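One file, start-v4.csv, is given below (CSV, C-alpha atoms).
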```csv
chain,number,residue,atom,x,y,z
A,1,MET,CA,67.4,5.3,-37.3
A,2,THR,CA,65.2,4.8,-34.2
A,3,LEU,CA,61.5,5.1,-34.0
A,4,GLU,CA,61.6,8.1,-31.8
A,5,ASN,CA,63.5,10.5,-34.0
A,6,ILE,CA,61.6,10.0,-37.2
A,7,PRO,CA,59.4,13.1,-37.8
A,8,SER,CA,55.7,12.6,-38.4
A,9,PRO,CA,54.2,13.7,-40.6
A,10,ILE,CA,56.3,13.5,-43.7
A,11,ASN,CA,55.4,16.3,-46.1
A,12,ILE,CA,54.9,15.0,-49.7
A,13,GLN,CA,55.7,17.8,-52.0
A,14,ASN,CA,54.1,18.7,-55.4
A,15,PHE,CA,51.9,15.7,-55.7
A,16,THR,CA,49.7,15.4,-58.7
A,17,THR,CA,46.8,13.0,-58.4
A,18,GLU,CA,45.6,10.6,-61.0
A,19,ASN,CA,42.8,13.0,-61.9
A,20,GLY,CA,45.3,15.9,-62.4
A,21,ALA,CA,44.9,17.9,-59.2
A,22,LEU,CA,48.2,19.4,-57.8
A,23,TYR,CA,48.8,19.4,-54.1
A,24,ARG,CA,51.8,21.5,-53.1
A,25,THR,CA,52.1,19.7,-49.8
A,26,LEU,CA,50.4,16.6,-48.4
A,27,PRO,CA,51.1,15.6,-44.8
A,28,LEU,CA,51.6,11.8,-44.4
A,29,SER,CA,51.4,11.0,-40.8
A,30,PHE,CA,52.3,7.5,-39.5
A,31,THR,CA,52.9,5.4,-36.4
A,32,PHE,CA,55.6,2.8,-35.6
A,33,PHE,CA,55.3,0.0,-33.2
A,34,GLY,CA,57.7,-2.8,-32.2
A,35,LEU,CA,61.4,-3.0,-32.9
A,36,PRO,CA,63.5,-0.1,-34.3
A,37,LEU,CA,63.4,0.6,-38.0
A,38,HIS,CA,66.1,-1.3,-39.9
A,39,SER,CA,66.6,-3.8,-37.1
A,40,ALA,CA,63.7,-6.2,-38.0
A,41,PRO,CA,61.4,-7.1,-40.9
A,42,VAL,CA,58.8,-4.4,-41.5
A,43,VAL,CA,55.1,-5.0,-41.7
A,44,LEU,CA,52.9,-2.3,-43.2
A,45,VAL,CA,49.3,-2.3,-41.9
A,46,ASN,CA,46.8,-0.3,-44.0
A,47,HIS,CA,43.7,0.8,-42.1
A,48,ALA,CA,40.1,0.6,-43.3
A,49,LEU,CA,37.5,3.3,-43.9
A,50,THR,CA,37.1,4.8,-40.4
A,51,GLY,CA,40.3,3.5,-39.0
A,52,ASN,CA,43.7,5.1,-38.5
A,53,SER,CA,47.4,4.3,-37.9
A,54,GLN,CA,46.8,3.3,-34.2
A,55,VAL,CA,46.8,-0.4,-34.9
A,56,THR,CA,47.9,-1.5,-31.5
A,57,GLY,CA,48.4,-0.2,-28.0
A,58,GLU,CA,46.0,2.1,-26.2
A,59,ASN,CA,42.9,2.5,-28.5
A,60,GLY,CA,44.5,0.1,-31.0
A,61,TRP,CA,41.8,-1.2,-33.4
A,62,TRP,CA,43.7,-4.5,-34.1
A,63,ASN,CA,45.1,-5.3,-30.6
A,64,ASP,CA,43.8,-8.9,-30.9
A,65,LEU,CA,46.3,-9.4,-33.8
A,66,ILE,CA,49.2,-7.1,-33.2
A,67,GLY,CA,51.2,-6.7,-30.1
A,68,GLU,CA,53.8,-8.4,-27.8
A,69,GLY,CA,53.5,-12.1,-28.3
A,70,LYS,CA,50.6,-11.7,-30.7
A,71,THR,CA,50.4,-13.1,-34.3
A,72,ILE,CA,52.1,-10.0,-35.6
A,73,ASP,CA,54.6,-9.8,-32.8
A,74,THR,CA,56.0,-6.4,-31.8
A,75,GLY,CA,58.9,-8.3,-30.3
A,76,LYS,CA,59.8,-9.7,-33.8
A,77,TYR,CA,58.8,-7.0,-36.3
A,78,THR,CA,58.7,-3.3,-36.9
A,79,ILE,CA,55.1,-2.4,-37.6
A,80,LEU,CA,54.4,0.7,-39.7
A,81,SER,CA,51.0,2.2,-40.4
A,82,PHE,CA,50.3,5.3,-42.4
A,83,ASN,CA,47.2,7.5,-42.0
A,84,VAL,CA,45.4,8.0,-45.3
A,85,PRO,CA,46.0,11.8,-45.9
A,86,GLY,CA,42.6,13.4,-45.2
A,87,ASN,CA,41.3,10.8,-42.8
A,88,GLY,CA,41.2,13.6,-40.2
A,89,ILE,CA,43.2,11.9,-37.5
A,90,ASP,CA,45.9,14.5,-37.8
A,91,SER,CA,43.5,17.4,-38.3
A,92,PHE,CA,44.2,17.5,-42.1
A,93,VAL,CA,41.2,17.1,-44.3
A,94,ILE,CA,40.7,17.1,-48.1
A,95,GLU,CA,37.5,18.9,-49.3
A,96,ASN,CA,37.8,18.0,-53.0
A,97,TYR,CA,37.5,14.3,-52.3
A,98,GLN,CA,37.0,13.4,-56.0
A,99,ASP,CA,40.6,14.5,-56.7
A,100,PHE,CA,41.8,11.2,-55.3
A,101,THR,CA,41.7,7.5,-56.2
A,102,THR,CA,43.0,4.5,-54.3
A,103,ARG,CA,46.0,4.4,-56.5
A,104,ASP,CA,46.9,7.9,-55.4
A,105,ILE,CA,47.0,6.8,-51.8
A,106,ALA,CA,49.2,3.8,-52.8
A,107,ARG,CA,51.6,6.2,-54.5
A,108,ILE,CA,51.7,8.4,-51.4
A,109,PHE,CA,52.4,5.4,-49.2
A,110,LEU,CA,55.2,4.2,-51.5
A,111,LYS,CA,56.7,7.7,-51.4
A,112,GLY,CA,56.6,7.5,-47.6
A,113,ILE,CA,58.3,4.1,-47.6
A,114,GLU,CA,61.0,5.6,-49.9
A,115,ILE,CA,61.6,8.6,-47.6
A,116,LEU,CA,61.9,6.2,-44.6
A,117,LYS,CA,64.6,4.4,-46.6
A,118,ILE,CA,62.7,1.0,-46.4
A,119,GLU,CA,63.9,-1.0,-49.3
A,120,GLN,CA,61.5,-3.9,-48.9
A,121,LEU,CA,58.6,-4.8,-46.6
A,122,TYR,CA,58.1,-8.2,-45.1
A,123,ALA,CA,54.3,-7.9,-45.5
A,124,ILE,CA,51.6,-5.5,-46.5
A,125,ILE,CA,48.4,-6.4,-44.7
A,126,GLY,CA,45.1,-4.6,-44.9
A,127,GLY,CA,41.3,-5.1,-44.6
A,128,SER,CA,38.6,-3.7,-46.8
A,129,VAL,CA,39.8,-0.4,-48.5
A,130,GLY,CA,43.2,-0.9,-46.7
A,131,GLY,CA,43.6,-4.1,-48.6
A,132,GLY,CA,42.6,-2.4,-51.8
A,133,ILE,CA,45.4,0.1,-51.2
A,134,ALA,CA,47.7,-2.9,-50.7
A,135,TRP,CA,46.8,-4.4,-54.1
A,136,GLU,CA,47.4,-1.0,-55.7
A,137,MET,CA,50.9,-0.7,-54.0
A,138,LEU,CA,51.9,-4.1,-55.3
A,139,ALA,CA,50.8,-3.2,-58.9
A,140,LEU,CA,52.8,-0.1,-58.7
A,141,GLU,CA,55.9,-1.6,-57.1
A,142,PRO,CA,56.0,-5.4,-57.7
A,143,ASN,CA,59.0,-6.0,-55.5
A,144,ILE,CA,58.0,-3.8,-52.6
A,145,THR,CA,56.9,-6.7,-50.3
A,146,GLU,CA,57.6,-10.4,-49.7
A,147,ASN,CA,54.0,-11.0,-48.7
A,148,LEU,CA,50.7,-9.4,-49.7
A,149,ILE,CA,47.8,-10.1,-47.4
A,150,PRO,CA,44.5,-8.6,-48.6
A,151,ILE,CA,41.7,-9.3,-46.2
A,152,ALA,CA,38.0,-8.9,-47.0
A,153,THR,CA,38.8,-6.9,-50.1
A,154,ASP,CA,39.8,-7.3,-53.8
A,155,TRP,CA,41.9,-5.7,-56.5
A,156,LYS,CA,38.9,-4.0,-57.9
A,157,SER,CA,35.6,-2.4,-56.8
A,158,THR,CA,32.7,-4.4,-58.3
A,159,ASP,CA,29.5,-2.9,-59.7
A,160,TRP,CA,27.9,-3.8,-56.4
A,161,MET,CA,30.6,-2.0,-54.5
A,162,ILE,CA,30.4,1.1,-56.7
A,163,ALA,CA,26.6,1.1,-56.3
A,164,ASN,CA,26.8,1.1,-52.5
A,165,CYS,CA,29.5,3.8,-52.5
A,166,PHE,CA,27.3,5.8,-54.8
A,167,LEU,CA,24.4,5.5,-52.3
A,168,GLN,CA,26.8,6.5,-49.5
A,169,GLU,CA,27.9,9.5,-51.5
A,170,GLN,CA,24.3,10.6,-52.1
A,171,ILE,CA,23.6,10.3,-48.4
A,172,LEU,CA,26.8,12.2,-47.5
A,173,ASN,CA,26.0,15.0,-49.9
A,174,ASN,CA,22.2,15.3,-49.4
A,175,SER,CA,21.2,14.1,-45.9
A,176,SER,CA,20.5,16.5,-43.0
A,177,LYS,CA,22.4,14.1,-40.8
A,178,PRO,CA,25.0,12.8,-43.3
A,179,ILE,CA,27.4,10.9,-41.1
A,180,GLU,CA,24.8,9.2,-39.0
A,181,ASP,CA,22.6,8.2,-42.0
A,182,ALA,CA,25.5,7.0,-44.1
A,183,ARG,CA,26.8,4.9,-41.2
A,184,ILE,CA,23.4,3.3,-40.7
A,185,HIS,CA,23.3,2.2,-44.3
A,186,ALA,CA,27.0,1.1,-44.2
A,187,MET,CA,26.3,-1.2,-41.2
A,188,LEU,CA,23.9,-3.1,-43.4
A,189,CYS,CA,26.8,-3.8,-45.7
A,190,TYR,CA,29.3,-4.5,-42.9
A,191,ARG,CA,27.2,-7.2,-41.2
A,192,SER,CA,24.8,-9.8,-42.5
A,193,PRO,CA,21.1,-10.8,-42.0
A,194,GLU,CA,22.2,-13.9,-40.0
A,195,SER,CA,24.3,-11.7,-37.7
A,196,PHE,CA,21.4,-9.4,-37.0
A,197,LYS,CA,19.1,-12.3,-36.4
A,198,GLU,CA,21.4,-13.8,-33.8
A,199,LYS,CA,22.0,-10.5,-32.1
A,200,PHE,CA,18.5,-9.0,-32.0
A,201,GLN,CA,15.8,-11.7,-32.5
A,202,ARG,CA,13.3,-9.0,-33.4
A,203,THR,CA,13.4,-7.7,-29.8
A,204,VAL,CA,12.2,-4.2,-28.8
A,205,ASN,CA,13.8,-1.4,-26.9
A,206,GLU,CA,11.0,-0.7,-24.4
A,207,ASP,CA,12.5,2.7,-23.3
A,208,LEU,CA,12.6,4.1,-26.9
A,209,SER,CA,9.6,2.1,-28.2
A,210,ILE,CA,11.6,1.0,-31.3
A,211,PHE,CA,13.3,-2.3,-32.3
A,212,ASN,CA,16.7,-3.0,-30.8
A,213,ILE,CA,18.2,-3.3,-34.3
A,214,GLU,CA,17.0,0.3,-34.8
A,215,SER,CA,18.5,1.6,-31.6
A,216,TRP,CA,21.7,-0.2,-32.4
A,217,LEU,CA,21.9,1.4,-35.8
A,218,LEU,CA,21.2,4.8,-34.3
A,219,HIS,CA,23.9,4.3,-31.7
A,220,HIS,CA,26.5,3.5,-34.4
A,221,GLY,CA,25.5,6.6,-36.4
A,222,GLU,CA,25.7,8.9,-33.4
A,223,LYS,CA,29.0,7.3,-32.3
A,224,LEU,CA,30.7,7.9,-35.6
A,225,GLN,CA,29.3,11.5,-35.9
A,226,LYS,CA,31.1,12.4,-32.7
A,227,ARG,CA,34.5,11.2,-33.8
A,228,TYR,CA,34.6,11.5,-37.6
A,229,GLN,CA,34.5,14.4,-40.1
A,230,LEU,CA,32.2,14.6,-43.1
A,231,ALA,CA,35.1,15.4,-45.5
A,232,SER,CA,37.0,12.4,-44.3
A,233,TYR,CA,34.0,10.1,-44.8
A,234,LYS,CA,33.5,11.4,-48.4
A,235,LEU,CA,37.2,10.9,-49.2
A,236,MET,CA,37.4,7.3,-47.8
A,237,ASN,CA,34.2,6.4,-49.6
A,238,GLN,CA,35.7,7.7,-52.8
A,239,LEU,CA,38.7,5.5,-52.3
A,240,LEU,CA,36.5,2.4,-51.7
A,241,LYS,CA,34.8,3.1,-55.0
A,242,THR,CA,38.0,3.6,-57.1
A,243,ILE,CA,40.0,0.4,-56.3
A,244,ASP,CA,41.1,-1.0,-59.7
A,245,ILE,CA,44.7,-1.9,-60.4
A,246,THR,CA,44.0,-2.3,-64.1
A,247,ARG,CA,42.3,1.2,-64.7
A,248,ASN,CA,44.2,2.8,-67.6
A,249,ARG,CA,46.9,0.2,-67.3
A,250,GLU,CA,47.8,-3.4,-68.3
A,251,SER,CA,45.8,-6.5,-67.6
A,252,PHE,CA,45.5,-8.1,-64.2
A,253,GLU,CA,47.7,-11.0,-65.4
A,254,THR,CA,50.3,-8.8,-66.9
A,255,LEU,CA,50.6,-6.7,-63.7
A,256,MET,CA,50.7,-9.6,-61.3
A,257,SER,CA,53.1,-11.6,-63.4
A,258,LYS,CA,55.7,-9.0,-62.5
A,259,THR,CA,55.7,-9.8,-58.8
A,260,ASN,CA,57.4,-12.6,-56.9
A,261,ALA,CA,55.5,-11.8,-53.7
A,262,ASN,CA,53.5,-14.5,-51.9
A,263,ILE,CA,49.8,-13.5,-52.2
A,264,HIS,CA,47.6,-14.6,-49.3
A,265,ILE,CA,44.0,-13.8,-50.1
A,266,ILE,CA,41.6,-14.0,-47.1
A,267,GLY,CA,37.9,-13.9,-47.7
A,268,ILE,CA,34.9,-14.1,-45.5
A,269,ASN,CA,32.1,-16.5,-46.3
A,270,SER,CA,29.3,-14.1,-45.3
A,271,ASP,CA,30.8,-10.9,-46.7
A,272,LEU,CA,28.2,-8.9,-48.6
A,273,PHE,CA,30.6,-6.1,-49.5
A,274,PHE,CA,33.6,-7.9,-51.0
A,275,THR,CA,32.0,-11.2,-51.7
A,276,PRO,CA,33.9,-14.5,-51.3
A,277,LYS,CA,32.9,-15.4,-54.9
A,278,GLU,CA,35.0,-12.5,-56.2
A,279,ASN,CA,37.9,-13.4,-53.9
A,280,GLN,CA,37.8,-17.0,-55.2
A,281,GLU,CA,37.7,-15.8,-58.8
A,282,THR,CA,40.7,-13.6,-58.2
A,283,PHE,CA,42.5,-16.6,-56.6
A,284,GLN,CA,41.7,-18.9,-59.6
A,285,GLU,CA,42.9,-16.3,-62.1
A,286,LEU,CA,46.2,-15.9,-60.2
A,287,LYS,CA,46.7,-19.7,-60.0
A,288,LYS,CA,46.8,-19.8,-63.8
A,289,PHE,CA,50.1,-18.1,-63.9
A,290,LYS,CA,51.5,-17.9,-60.4
A,291,GLU,CA,52.3,-20.7,-57.9
A,292,ASN,CA,52.8,-18.8,-54.6
A,293,VAL,CA,49.2,-17.6,-54.2
A,294,PHE,CA,46.9,-18.9,-51.4
A,295,TYR,CA,43.2,-18.5,-50.5
A,296,SER,CA,41.6,-19.0,-47.1
A,297,GLU,CA,38.3,-18.0,-45.7
A,298,ILE,CA,37.0,-16.8,-42.3
A,299,ASN,CA,33.8,-18.7,-41.5
A,300,SER,CA,31.5,-16.3,-39.7
A,301,ILE,CA,27.9,-15.1,-39.7
A,302,HIS,CA,29.1,-11.5,-39.1
A,303,GLY,CA,29.8,-10.5,-42.7
A,304,HIS,CA,32.4,-8.0,-43.8
A,305,ASP,CA,33.3,-6.9,-40.2
A,306,ALA,CA,34.3,-10.5,-39.4
A,307,PHE,CA,38.0,-9.5,-40.0
A,308,LEU,CA,37.7,-7.3,-36.9
A,309,ILE,CA,35.7,-9.8,-34.9
A,310,GLU,CA,37.0,-13.4,-35.6
A,311,TYR,CA,40.5,-12.8,-34.4
A,312,LYS,CA,41.1,-16.4,-33.4
A,313,GLN,CA,40.4,-17.6,-36.9
A,314,LEU,CA,42.5,-14.9,-38.4
A,315,ASP,CA,45.3,-15.8,-36.0
A,316,HIS,CA,45.3,-19.3,-37.3
A,317,LEU,CA,45.2,-18.2,-40.9
A,318,LEU,CA,48.1,-15.8,-40.5
A,319,ALA,CA,50.3,-17.8,-38.0
A,320,ASP,CA,52.5,-19.5,-40.7
A,321,ILE,CA,53.1,-16.2,-42.5
A,322,PHE,CA,54.3,-14.5,-39.4
A,323,LYS,CA,55.9,-17.6,-37.8
A,324,ALA,CA,53.7,-17.2,-34.8
A,325,GLU,CA,52.3,-19.5,-32.2
A,326,THR,CA,48.5,-19.8,-32.7
A,327,ILE,CA,45.9,-19.0,-30.1
A,328,LYS,CA,44.2,-22.0,-28.8
A,329,LYS,CA,40.8,-22.5,-30.4
```
Written as structure tokens, that's how I'd like the structure from this file.
Amino acid sequence: MTLENIPSPINIQNFTTENGALYRTLPLSFTFFGLPLHSAPVVLVNHALTGNSQVTGENGWWNDLIGEGKTIDTGKYTILSFNVPGNGIDSFVIENYQDFTTRDIARIFLKGIEILKIEQLYAIIGGSVGGGIAWEMLALEPNITENLIPIATDWKSTDWMIANCFLQEQILNNSSKPIEDARIHAMLCYRSPESFKEKFQRTVNEDLSIFNIESWLLHHGEKLQKRYQLASYKLMNQLLKTIDITRNRESFETLMSKTNANIHIIGINSDLFFTPKENQETFQELKKFKENVFYSEINSIHGHDAFLIEYKQLDHLLADIFKAETIKK
């Protein structure tokens, strides 16, 4: 099977969500990069909240990490990335966003892998909500991957995360400029006070007579509004809020005891969203009953978004897993 003759999207038939909603057809679109399917180890990359399956190439959001000769080398691996159904990239949106949880998306991705006749993945890697989907996939199918690499995420949404997602939902449902205003709030979670201090130094935009931090936030809000749909934002925020591999299921230890996968947790020391303390607690819990679990940390002032910024550090943390040469520091 070559990459060129695989139809996208796959149509998932008669899918019932965890909350009991029946979808007769759900389109699951995806993108392949690198070597032909079934000719090389497969790496699944799960995108984050406003991302999509275009992980490399023109407009690729992770070009620093994925590509010819990069850490995840398109000359060594087959790279697969699904679009979360409803993220809007393929014109399909879901209006009833509360129908879905993160586990539902994990189930859909696993169904896609089955349809593509992929028996096992070499790695599942994802940042933020994409990493949450990865945790859910492993809990559902303990033998689906050799390596799980959750970055700037965790296996559950904390009260802090749920609170921020609740505020996002309030803004998205009640603001006169919902996408712009929700994005402005989100940027405060994605970065850190130190990052803003270094970047802006309380300087003023003389043309607009406002602080530069304010004009920057307005710019990000307007930029997202032009390329993103309200229904998609509501859905992805709902997924971020509902990460929890133990909901209505067995304990974390019971679930993770079933997998032989290597688990490589990567936190960010300044992450205000998925805090390093939570990542470290997850690591310590896993170490009680599992040997092949590892924890490393990106050191950055840039907060949650550091996994999209500090590519040299990430390259060094991932090089051994992907048998890659590291970028010089």
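Straight-line separation from CA of Trp135 in chain A to CA of Asp244 in chain A: 8.7 Å.
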Close residues, Glu278 in chain A itself excluded, 8 Å, all atoms listed in the file, min 4 positions apart in chain, as number ranges by chain: A: 154, 274, 282
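Straight-line separation from CA of Asn279 in chain A to CA of Leu314 in chain A: 16.2 Å.
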Identify which of the residues A:Leu172, A:Leu65, A:Leu49, A:Ile301 lies closest to Ser192 in chain A, counting all atoms listed in the file when measuring atom-to-atom distances.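 Nearest candidate to Ser192 in chain A out of A:Leu172, A:Leu65, A:Leu49, A:Ile301: A:Ile301.
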One-decimal distance in Å that lies between CA of Ile144 in chain A and CA of Ser251 in chain A: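 So the two atoms, CA of Ser251 in chain A and CA of Ile144 in chain A, lie 19.5 Å apart.
For the set A:His47, A:Lys234, A:His316, A:Lys258, the residue with the smallest atom-to-atom gap to Lys290 in chain A is A:Lys258, counting only C-alpha atoms.
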